[in-house]
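**Q** This is the content of run33.cif (mmCIF, C-alpha atoms):
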data_my_file
#
loop_
_atom_site.label_atom_id
_atom_site.label_comp_id
_atom_site.auth_asym_id
_atom_site.auth_seq_id
_atom_site.Cartn_x
_atom_site.Cartn_y
_atom_site.Cartn_z
CA MET K 1 34.35 -100.99 -120.69
CA ALA K 2 35.25 -104.08 -122.63
CA LEU K 3 34.08 -104.29 -126.21
CA ASP K 4 32.22 -107.58 -125.90
CA ASN K 5 30.55 -106.26 -122.79
CA ILE K 6 29.18 -103.27 -124.64
CA GLU K 7 28.19 -105.46 -127.56
CA GLN K 8 26.15 -107.61 -125.24
CA LEU K 9 24.49 -104.55 -123.83
CA LEU K 10 23.76 -103.26 -127.31
CA GLU K 11 22.13 -106.49 -128.32
CA LYS K 12 19.94 -106.30 -125.25
CA TYR K 13 19.29 -102.68 -126.16
CA ASP K 14 18.08 -103.62 -129.62
CA ASN K 15 15.69 -106.12 -128.10
CA ALA K 16 14.47 -103.43 -125.68
CA GLU K 17 15.58 -105.50 -122.71
CA THR K 18 18.00 -103.07 -121.14
CA SER K 19 17.20 -101.30 -117.91
CA LEU K 20 17.45 -97.53 -117.64
CA ALA K 21 20.73 -97.88 -115.77
CA GLU K 22 22.20 -100.03 -118.55
CA GLU K 23 21.09 -97.53 -121.15
CA ALA K 24 22.82 -94.78 -119.20
CA GLN K 25 25.93 -96.97 -119.21
CA ILE K 26 25.77 -97.31 -122.98
CA ARG K 27 25.33 -93.58 -123.41
CA ALA K 28 28.28 -92.91 -121.13
CA TYR K 29 30.40 -95.31 -123.17
CA PHE K 30 29.63 -93.58 -126.44
CA ALA K 31 30.06 -90.14 -124.95
CA LYS K 32 33.53 -91.04 -123.69
CA GLU K 33 34.79 -93.12 -126.56
CA GLU K 34 36.22 -91.09 -129.41
CA ASP K 35 36.89 -93.91 -131.81
CA VAL K 36 34.42 -96.72 -131.69
CA ALA K 37 34.63 -99.91 -133.68
CA PRO K 38 33.30 -99.36 -137.23
CA HIS K 39 30.38 -101.73 -136.73
CA LEU K 40 29.28 -99.65 -133.74
CA GLU K 41 29.36 -96.37 -135.66
CA SER K 42 25.60 -96.35 -136.18
CA TYR K 43 25.10 -96.65 -132.43
CA ARG K 44 27.45 -93.77 -131.87
CA LEU K 45 25.40 -91.55 -134.15
CA LEU K 46 22.21 -92.60 -132.46
CA PHE K 47 23.45 -91.88 -128.96
CA GLN K 48 25.04 -88.65 -130.02
CA TYR K 49 21.67 -87.60 -131.34
CA VAL K 50 19.99 -88.72 -128.14
CA SER K 51 22.29 -86.68 -125.93
CA VAL K 52 21.86 -83.62 -128.14
CA THR K 53 18.10 -83.92 -128.13
CA LYS K 54 17.99 -84.32 -124.37
CA GLU K 55 19.27 -80.77 -124.04
CA GLU K 56 16.51 -79.16 -126.06
CA GLN K 57 14.47 -76.74 -124.05
CA PHE K 58 11.17 -74.96 -124.25
CA THR K 59 12.10 -71.30 -124.34
CA LYS K 60 8.87 -69.60 -125.28
CA GLU K 61 7.43 -67.57 -122.47
CA LEU K 62 4.25 -68.64 -120.82
CA PRO K 63 1.52 -66.00 -120.49
CA LEU K 64 -0.09 -67.18 -117.29
CA GLN K 65 -3.06 -65.04 -116.38
CA PRO K 66 -3.29 -64.68 -112.62
CA LYS K 67 -6.52 -66.36 -111.79
CA ARG K 68 -8.94 -64.28 -109.77
CA ASN K 69 -10.27 -65.98 -106.74
CA LYS K 70 -13.90 -66.73 -107.37
CA THR K 71 -14.91 -66.93 -103.70
CA TYR K 72 -13.81 -63.34 -103.14
CA GLN K 73 -15.91 -62.23 -106.08
CA TRP K 74 -18.94 -63.94 -104.62
CA ILE K 75 -18.30 -62.38 -101.22
CA ALA K 76 -18.43 -58.97 -102.91
CA VAL K 77 -21.75 -59.85 -104.53
CA ALA K 78 -23.13 -61.10 -101.23
CA ALA K 79 -22.03 -57.90 -99.50
CA VAL K 80 -23.80 -55.74 -102.06
CA ILE K 81 -26.99 -57.77 -101.66
CA ALA K 82 -26.80 -57.63 -97.88
CA ILE K 83 -26.30 -53.86 -97.89
CA SER K 84 -29.20 -53.21 -100.26
CA ILE K 85 -31.54 -55.44 -98.27
CA GLY K 86 -30.52 -53.61 -95.10
CA ALA K 87 -31.08 -50.24 -96.72
CA TYR K 88 -34.48 -51.34 -97.99
CA PHE K 89 -35.70 -52.39 -94.55
CA GLN K 90 -34.29 -49.24 -93.01
CA MET K 91 -36.31 -47.11 -95.44
CA GLU K 92 -39.37 -49.20 -94.82
CA GLN K 93 -39.08 -48.61 -91.09
CA MET K 94 -38.60 -44.89 -91.53
CA HIS K 95 -41.76 -44.61 -93.61
CA GLN K 96 -43.87 -46.62 -91.20
CA LYS K 97 -45.81 -44.45 -88.70
CA THR K 98 -46.04 -46.05 -85.30
CA THR K 99 -49.22 -45.37 -83.29
CA LEU K 100 -49.88 -45.96 -79.62
CA GLU K 101 -51.76 -49.14 -80.44
CA ASP K 102 -48.58 -50.69 -81.92
CA LEU K 103 -46.69 -50.37 -78.66
CA SER K 104 -46.35 -53.21 -76.20
CA HIS K 105 -47.31 -52.86 -72.59
CA GLU K 106 -43.80 -51.98 -71.35
CA GLU K 107 -43.27 -49.53 -74.14
CA LEU K 108 -46.59 -47.85 -73.34
CA LEU K 109 -45.60 -47.64 -69.70
CA ALA K 110 -42.28 -46.07 -70.58
CA TYR K 111 -44.01 -43.68 -72.95
CA ASN K 112 -46.47 -42.56 -70.29
CA GLN K 113 -43.71 -42.10 -67.77
CA THR K 114 -41.74 -40.00 -70.20
CA ILE K 115 -44.78 -37.88 -70.93
CA ALA K 116 -45.34 -37.41 -67.18
CA VAL K 117 -41.73 -36.33 -66.66
CA PHE K 118 -41.89 -33.93 -69.57
CA SER K 119 -45.11 -32.34 -68.31
CA LEU K 120 -43.56 -31.94 -64.83
CA VAL K 121 -40.58 -30.16 -66.31
CA SER K 122 -42.88 -28.01 -68.41
CA SER K 123 -45.01 -26.98 -65.38
CA LYS K 124 -41.88 -26.00 -63.42
CA MET K 125 -40.80 -23.91 -66.37
CA ASN K 126 -44.15 -22.14 -66.42
CA GLN K 127 -43.85 -21.41 -62.71
CA GLY K 128 -40.48 -19.85 -63.31
CA THR K 129 -41.95 -17.75 -66.07
CA SER K 130 -44.74 -16.46 -63.81
CA ASN K 131 -42.16 -15.44 -61.22
CA LEU K 132 -40.64 -13.23 -63.82
CA GLU K 133 -43.86 -11.07 -63.65
CA ALA K 134 -42.26 -9.16 -60.75
CA PHE K 135 -39.46 -7.98 -63.01
CA LYS K 136 -42.01 -6.84 -65.52
CA LEU K 137 -43.63 -4.71 -62.79
CA VAL K 138 -40.31 -3.17 -61.88
CA SER K 139 -39.63 -2.36 -65.49
CA LEU K 140 -43.05 -0.69 -65.77
CA LYS K 141 -42.36 1.50 -62.75
CA LEU K 142 -38.98 2.45 -64.16
CA ASN K 143 -40.60 3.59 -67.37
CA GLU K 144 -43.06 5.67 -65.38
CA GLY K 145 -40.15 7.32 -63.57
CA ALA K 146 -38.47 8.06 -66.86
CA GLY K 147 -41.70 9.71 -68.08
CA ASN K 148 -41.79 11.89 -65.01
CA LEU K 149 -38.31 13.16 -65.84
CA GLY K 150 -39.95 15.05 -68.75
CA TYR K 151 -41.33 17.58 -66.24
CA LEU K 152 -37.83 18.31 -65.04
CA LYS K 153 -36.82 19.12 -68.62
CA ASP K 154 -39.74 21.57 -68.96
CA PHE K 155 -38.69 23.19 -65.71
CA GLN K 156 -35.15 23.56 -67.00
CA ASN K 157 -36.30 25.18 -70.23
CA THR K 158 -38.41 27.71 -68.33
CA ALA K 159 -35.52 28.44 -66.02
CA LYS K 160 -33.17 29.16 -68.99
CA ARG K 161 -35.72 31.53 -70.55
CA ILE K 162 -36.02 33.49 -67.30
CA ILE K 163 -32.25 33.79 -67.10
CA ARG K 164 -32.07 35.11 -70.68
CA TYR K 165 -34.67 37.86 -70.13
CA ASN K 166 -32.95 39.07 -67.10
CA MET N 1 -2.55 -73.15 -106.31
CA THR N 2 -0.45 -70.05 -106.80
CA GLN N 3 1.51 -69.20 -109.91
CA THR N 4 4.85 -69.95 -108.27
CA ASN N 5 3.69 -73.32 -107.03
CA PHE N 6 2.34 -74.14 -110.44
CA LEU N 7 5.58 -73.19 -112.15
CA LYS N 8 7.54 -75.21 -109.63
CA LEU N 9 5.36 -78.20 -110.41
CA VAL N 10 5.52 -77.79 -114.17
CA MET N 11 9.17 -76.72 -114.55
CA PRO N 12 10.67 -80.22 -114.40
CA PHE N 13 8.70 -81.55 -117.34
CA LYS N 14 7.84 -78.60 -119.53
CA ASP N 15 10.86 -79.36 -121.70
CA LYS N 16 9.75 -82.96 -121.97
CA ILE N 17 6.36 -81.81 -123.21
CA TYR N 18 8.09 -79.61 -125.75
CA ARG N 19 10.40 -82.36 -126.96
CA LEU N 20 7.57 -84.85 -127.32
CA SER N 21 5.51 -82.30 -129.27
CA LYS N 22 8.48 -81.57 -131.45
CA ARG N 23 9.03 -85.26 -132.05
CA LEU N 24 5.45 -85.61 -133.24
CA LEU N 25 4.83 -82.27 -134.93
CA VAL N 26 8.40 -81.87 -136.23
CA SER N 27 8.14 -78.11 -136.67
CA LYS N 28 9.59 -76.06 -133.86
CA GLU N 29 6.84 -73.43 -133.97
CA GLU N 30 4.09 -76.03 -133.91
CA ALA N 31 5.75 -77.73 -130.98
CA GLU N 32 6.03 -74.47 -129.08
CA ASP N 33 2.39 -73.70 -129.69
CA ALA N 34 1.34 -77.13 -128.55
CA THR N 35 3.47 -76.93 -125.42
CA GLN N 36 2.05 -73.56 -124.59
CA GLU N 37 -1.45 -74.84 -125.04
CA ILE N 38 -0.83 -77.84 -122.80
CA LEU N 39 0.68 -75.73 -120.05
CA LEU N 40 -2.14 -73.20 -120.21
CA LYS N 41 -4.66 -76.00 -120.03
CA LEU N 42 -2.93 -77.33 -116.95
CA TRP N 43 -2.90 -73.86 -115.44
CA LYS N 44 -6.58 -73.40 -116.14
CA ASN N 45 -7.38 -76.60 -114.29
CA ASN N 46 -4.81 -76.04 -111.60
CA ASN N 47 -7.32 -76.76 -108.86
CA SER N 48 -7.87 -80.32 -109.99
CA ILE N 49 -4.19 -80.85 -110.83
CA GLU N 50 -3.30 -81.88 -107.32
CA LYS N 51 -5.73 -84.75 -107.47
CA TYR N 52 -3.74 -86.53 -110.15
CA ALA N 53 -1.26 -88.99 -108.77
CA ASN N 54 1.24 -88.38 -111.52
CA VAL N 55 0.92 -84.96 -113.10
CA GLU N 56 3.81 -85.58 -115.45
CA ALA N 57 2.37 -88.77 -116.93
CA PHE N 58 -0.98 -87.05 -117.20
CA SER N 59 0.57 -84.10 -119.04
CA MET N 60 2.41 -86.44 -121.39
CA THR N 61 -0.83 -88.20 -122.25
CA MET N 62 -2.41 -84.81 -122.86
CA THR N 63 0.50 -83.82 -125.09
CA LYS N 64 0.29 -87.04 -127.05
CA ASN N 65 -3.45 -86.61 -127.61
CA LEU N 66 -3.17 -82.97 -128.57
CA CYS N 67 -0.36 -83.58 -131.04
CA LEU N 68 -2.07 -86.55 -132.64
CA ASP N 69 -5.25 -84.49 -132.97
CA ARG N 70 -3.31 -81.71 -134.63
CA LEU N 71 -1.65 -84.11 -137.03
CA LYS N 72 -5.00 -85.60 -137.90
CA SER N 73 -6.60 -82.23 -138.56
CA LYS N 74 -3.63 -81.17 -140.70
CA GLN N 75 -3.91 -84.34 -142.72
CA ALA N 76 -7.63 -83.81 -143.08
CA GLN N 77 -6.97 -80.38 -144.48
CA ASN N 78 -4.43 -81.94 -146.77
CA LEU N 79 -1.81 -79.59 -145.43
CA LYS N 80 1.61 -80.73 -144.52
CA ILE N 81 3.33 -79.37 -141.50
CA VAL N 82 6.34 -77.43 -142.63
CA HIS N 83 9.29 -79.48 -141.68
CA SER N 84 12.15 -77.09 -142.04
CA ASN N 85 12.60 -74.63 -139.27
CA TYR N 86 13.72 -71.81 -141.48
CA GLN N 87 13.75 -68.94 -139.08
CA ASP N 88 16.54 -69.39 -136.67
CA HIS N 89 19.08 -66.66 -137.02
CA ASN N 90 21.00 -67.26 -133.86
CA VAL N 91 22.90 -70.39 -134.62
CA SER N 92 23.31 -72.03 -131.25
CA LEU N 93 25.80 -74.73 -130.58
CA GLN N 94 22.99 -77.21 -130.45
CA GLN N 95 21.77 -76.02 -133.83
CA GLN N 96 25.21 -76.42 -135.22
CA ILE N 97 25.46 -79.96 -133.98
CA GLU N 98 22.01 -80.71 -135.22
CA ASN N 99 22.92 -79.47 -138.63
CA THR N 100 25.84 -81.77 -138.90
CA ASP N 101 24.76 -84.51 -141.20
CA SER N 102 24.93 -87.55 -139.01
CA VAL N 103 22.69 -86.20 -136.30
CA HIS N 104 20.39 -84.82 -138.91
CA TRP N 105 20.04 -88.28 -140.38
CA VAL N 106 18.89 -89.74 -137.12
CA SER N 107 16.17 -87.15 -136.74
CA LYS N 108 15.08 -87.72 -140.33
CA ILE N 109 14.90 -91.45 -139.78
CA MET N 110 12.88 -90.91 -136.61
CA ASP N 111 10.45 -88.69 -138.50
CA GLU N 112 9.69 -91.66 -140.73
CA LEU N 113 8.66 -93.90 -137.85
CA PRO N 114 4.99 -94.51 -137.10
CA GLU N 115 3.60 -92.13 -134.46
CA GLN N 116 3.35 -94.73 -131.74
CA GLN N 117 6.96 -95.81 -132.15
CA LYS N 118 8.05 -92.18 -132.21
CA ILE N 119 6.39 -91.60 -128.87
CA ILE N 120 7.89 -94.71 -127.36
CA VAL N 121 11.42 -93.97 -128.55
CA GLN N 122 11.07 -90.39 -127.38
CA LEU N 123 9.86 -91.32 -123.92
CA ARG N 124 12.31 -94.15 -123.44
CA ASP N 125 15.54 -93.01 -125.05
CA ILE N 126 15.29 -89.27 -124.61
CA GLU N 127 13.27 -88.90 -121.43
CA ASP N 128 14.33 -92.12 -119.68
CA TYR N 129 10.85 -93.27 -118.77
CA ASP N 130 10.03 -96.60 -117.20
CA PHE N 131 8.16 -99.08 -119.33
CA SER N 132 5.26 -98.91 -116.88
CA ASP N 133 5.05 -95.11 -117.29
CA ILE N 134 5.17 -95.35 -121.07
CA ALA N 135 2.48 -98.01 -120.97
CA LYS N 136 0.35 -95.66 -118.88
CA VAL N 137 0.82 -92.70 -121.20
CA LEU N 138 0.00 -94.74 -124.28
CA ASP N 139 -2.62 -96.93 -122.66
CA MET N 140 -0.88 -100.12 -123.79
CA ASN N 141 0.58 -103.05 -121.92
CA GLU N 142 4.28 -103.20 -121.16
CA THR N 143 5.06 -106.11 -123.43
CA ALA N 144 3.55 -104.30 -126.39
CA VAL N 145 5.65 -101.26 -125.54
CA ARG N 146 8.80 -103.39 -125.43
CA VAL N 147 8.03 -104.99 -128.76
CA ALA N 148 7.31 -101.65 -130.41
CA LEU N 149 10.46 -100.12 -128.92
CA SER N 150 12.62 -102.98 -130.11
CA ARG N 151 11.13 -102.69 -133.56
CA ALA N 152 11.73 -98.95 -133.64
CA ARG N 153 15.32 -99.23 -132.44
CA LYS N 154 16.10 -101.87 -135.02
CA THR N 155 14.55 -99.79 -137.81
CA ILE N 156 16.51 -96.73 -136.81
CA ARG N 157 19.79 -98.64 -136.70
CA GLU N 158 19.18 -100.46 -139.92
CA GLN N 159 18.46 -97.24 -141.77
CA LEU N 160 21.34 -95.51 -140.11
CA THR N 161 23.74 -98.25 -141.08
CA ASN N 162 22.50 -98.13 -144.67
CA LYS N 163 22.83 -94.37 -144.90
CA HIS N 164 26.12 -94.29 -143.16
CA SER N 165 27.78 -96.93 -145.26
CA TYR N 166 26.24 -95.32 -148.33
CA GLY N 167 27.89 -92.10 -147.27
CA LEU N 168 31.22 -93.85 -146.94
CA ARG N 169 31.13 -95.55 -150.28
#
Take the structure I supplied and represent it as structure tokens, if you would.
**A**
Amino acid sequence: MALDNIEQLLEKYDNAETSLAEEAQIRAYFAKEEDVAPHLESYRLLFQYVSVTKEEQFTKELPLQPKRNKTYQWIAVAAVIAISIGAYFQMEQMHQKTTLEDLSHEELLAYNQTIAVFSLVSSKMNQGTSNLEAFKLVSLKLNEGAGNLGYLKDFQNTAKRIIRYN
Amino acid sequence: MTQTNFLKLVMPFKDKIYRLSKRLLVSKEEAEDATQEILLKLWKNNNSIEKYANVEAFSMTMTKNLCLDRLKSKQAQNLKIVHSNYQDHNVSLQQQIENTDSVHWVSKIMDELPEQQKIIVQLRDIEDYDFSDIAKVLDMNETAVRVALSRARKTIREQLTNKHSYGLR
């Protein structure tokens, strides 16, 4: 770049009238040029400083705490509340005794029908049990027979004694 | 917003936040603290971040305010921020260059500028901001920014010329 060109730019620079592109041009000039005119030496120092400073970096580590999602936390709270309310009503229901008066018409009907069916089953069962009486009779007779076998034993004993004396 | 998204959003300008804080607070440690605080603040409000049209400009304004507040509270306590960054055992190339006198002069001269001019020079010359963006960050109009920038640039050069020629003589 021609010297008077850069001088013009520098004057504009001092008046803060340069665009960003022009400033980049100036910086490039001073970065490239080894020996600048003595009266531009102060600019050279300035732009050298600028390019050095541009490179400075933040190196400290950043302790970012992972943020917990608040909605999830509230869902957990809501779940706990819902469960305890449910449990409470469940207990309440278990403790409540329902009487026939509490039932609606349909429920009463169903209840009566169930009772009728159960009593039918129960009566059939009782019939079956009474039929078993016959077995009981047989068993009684068998016991009687067994008792009568005692006479046979007596007879045997007597028979043995007779055999011995002879 | 997830952590990765946040980092992706913040990555491009976190160094700019750091450099602006360092320009204002001078000390490296102070600047790091301030940058960290700004980024954590952004992270904490990461739900509302997306609503801002220009997160970078917003962060820069935040940085400016935070640093100026810190400076004010330090001055109120009559404490001076320690300028020299003593602890730096690994001498990086950048550090080496920075320690060379000439560059060091420039930073010293810049430290002498008023806060507002410091911010403007920083944003314009180092971070290549538009005048409109700078005006937004500082809540000034563009003409005022131009005037202040011109003044700052002239001051820096004047001082630099004086020091430099003094060094030669």
**Q** Could you tell me which residues the PyMOL selection byres ((chain N) within 9 of (chain K)) grabs in this file, written as a short mmCIF file (atom, residue, chain, number, x, y, z; two decimals) with C-alpha atoms, keeping the file's coordinate frame?
**A**
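Done, and the output landed in selection_35.cif:
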data_model
loop_
_atom_site.label_atom_id
_atom_site.label_comp_id
_atom_site.auth_asym_id
_atom_site.auth_seq_id
_atom_site.Cartn_x
_atom_site.Cartn_y
_atom_site.Cartn_z
CA THR N 2 -0.45 -70.05 -106.80
CA GLN N 3 1.51 -69.20 -109.91
CA LYS N 14 7.84 -78.60 -119.53
CA ASP N 15 10.86 -79.36 -121.70
CA LYS N 16 9.75 -82.96 -121.97
CA ILE N 17 6.36 -81.81 -123.21
CA TYR N 18 8.09 -79.61 -125.75
CA ARG N 19 10.40 -82.36 -126.96
CA GLU N 32 6.03 -74.47 -129.08
CA ASP N 33 2.39 -73.70 -129.69
CA THR N 35 3.47 -76.93 -125.42
CA GLN N 36 2.05 -73.56 -124.59
CA LEU N 39 0.68 -75.73 -120.05
CA LEU N 40 -2.14 -73.20 -120.21
CA TRP N 43 -2.90 -73.86 -115.44
CA LYS N 44 -6.58 -73.40 -116.14
CA GLN N 94 22.99 -77.21 -130.45
CA ILE N 97 25.46 -79.96 -133.98
CA GLU N 98 22.01 -80.71 -135.22
CA SER N 102 24.93 -87.55 -139.01
CA VAL N 103 22.69 -86.20 -136.30
CA HIS N 104 20.39 -84.82 -138.91
CA TRP N 105 20.04 -88.28 -140.38
CA VAL N 106 18.89 -89.74 -137.12
CA SER N 107 16.17 -87.15 -136.74
CA ARG N 124 12.31 -94.15 -123.44
CA ASP N 125 15.54 -93.01 -125.05
CA ILE N 126 15.29 -89.27 -124.61
CA GLU N 127 13.27 -88.90 -121.43
CA ASP N 128 14.33 -92.12 -119.68
CA TYR N 129 10.85 -93.27 -118.77
CA ASP N 130 10.03 -96.60 -117.20
CA ARG N 146 8.80 -103.39 -125.43
CA VAL N 147 8.03 -104.99 -128.76
CA ALA N 148 7.31 -101.65 -130.41
CA LEU N 149 10.46 -100.12 -128.92
CA SER N 150 12.62 -102.98 -130.11
CA ARG N 151 11.13 -102.69 -133.56
CA ALA N 152 11.73 -98.95 -133.64
CA ARG N 153 15.32 -99.23 -132.44
CA LYS N 154 16.10 -101.87 -135.02
CA ILE N 156 16.51 -96.73 -136.81
CA ARG N 157 19.79 -98.64 -136.70
CA GLU N 158 19.18 -100.46 -139.92
CA LEU N 160 21.34 -95.51 -140.11
CA THR N 161 23.74 -98.25 -141.08
CA HIS N 164 26.12 -94.29 -143.16
#
**Q** When you look at K:Tyr29 with a cut-off of 9 Å (counting only C-alpha atoms), what residues show up, excluding the ones that are within fewer than 4 positions of it in the same chain? I need them as a PyMOL selection string.
**A** chain K and resi 1+6+24-25+33
**Q** Evaluated on this file, the PyMOL selection byres ((chain N and resi 63) around 10) picks out some residues - which ones are they, written as a list in words?
**A** Lys16, Ile17, Tyr18, Leu20, Ser21, Leu24, Ala31, Ala34, Thr35, Glu37, Ile38, Leu39, Ala57, Phe58, Ser59, Met60, Thr61, Met62, Lys64, Asn65, Leu66, Cys67, Leu68, Asp69 and Val137 of chain N
**Q** In Å to one decimal, how far is atom CA of N:Asn162 from atom CA of N:Lys108?
**A**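 That distance, rounded to one decimal, is 13.5 Å.
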**Q** Between atom CA of N:Met140 and atom CA of N:Gln122, what is the distance, to one decimal in Å?
**A**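 The value is 15.8 Å.
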**Q** What does the distance from atom CA of N:Asp139 to atom CA of N:Tyr52 come to in Å, to one decimal?
**A**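 Distance reported for this atom pair: 16.3 Å.
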**Q** Which residues come within 12 Å of K:Ala2, counting only C-alpha atoms, excluding same-chain residues fewer than 3 positions away, as a PyMOL selection string?
**A** chain K and resi 5-9+26+29+33+36-37
**Q** Using the file's own x, y and z axes, what box holds all listed atoms of stretch 115-131 of chain K with 6 Å on each side, keeping edges along x, y and z, and what are its centre and edge lengths in Å to one decimal, as JSON?
**A**
{"center_x": -42.9, "center_y": -26.7, "center_z": -66.1, "size_x": 16.9, "size_y": 34.4, "size_z": 21.7}
**Q** Of the residues N:Thr143, N:Ser132, N:Thr155, N:Asn5, which is the one nearest to N:Asn47, using all atoms listed in the file?
**A** N:Asn5
**Q** Quick one: of N:Glu50, N:Glu56, N:Asp111, N:Asp133, who's nearest to N:Lys22, counting all atoms listed in the file?
**A**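 Using all atoms listed in the file, N:Lys22 sits closest to N:Asp111.
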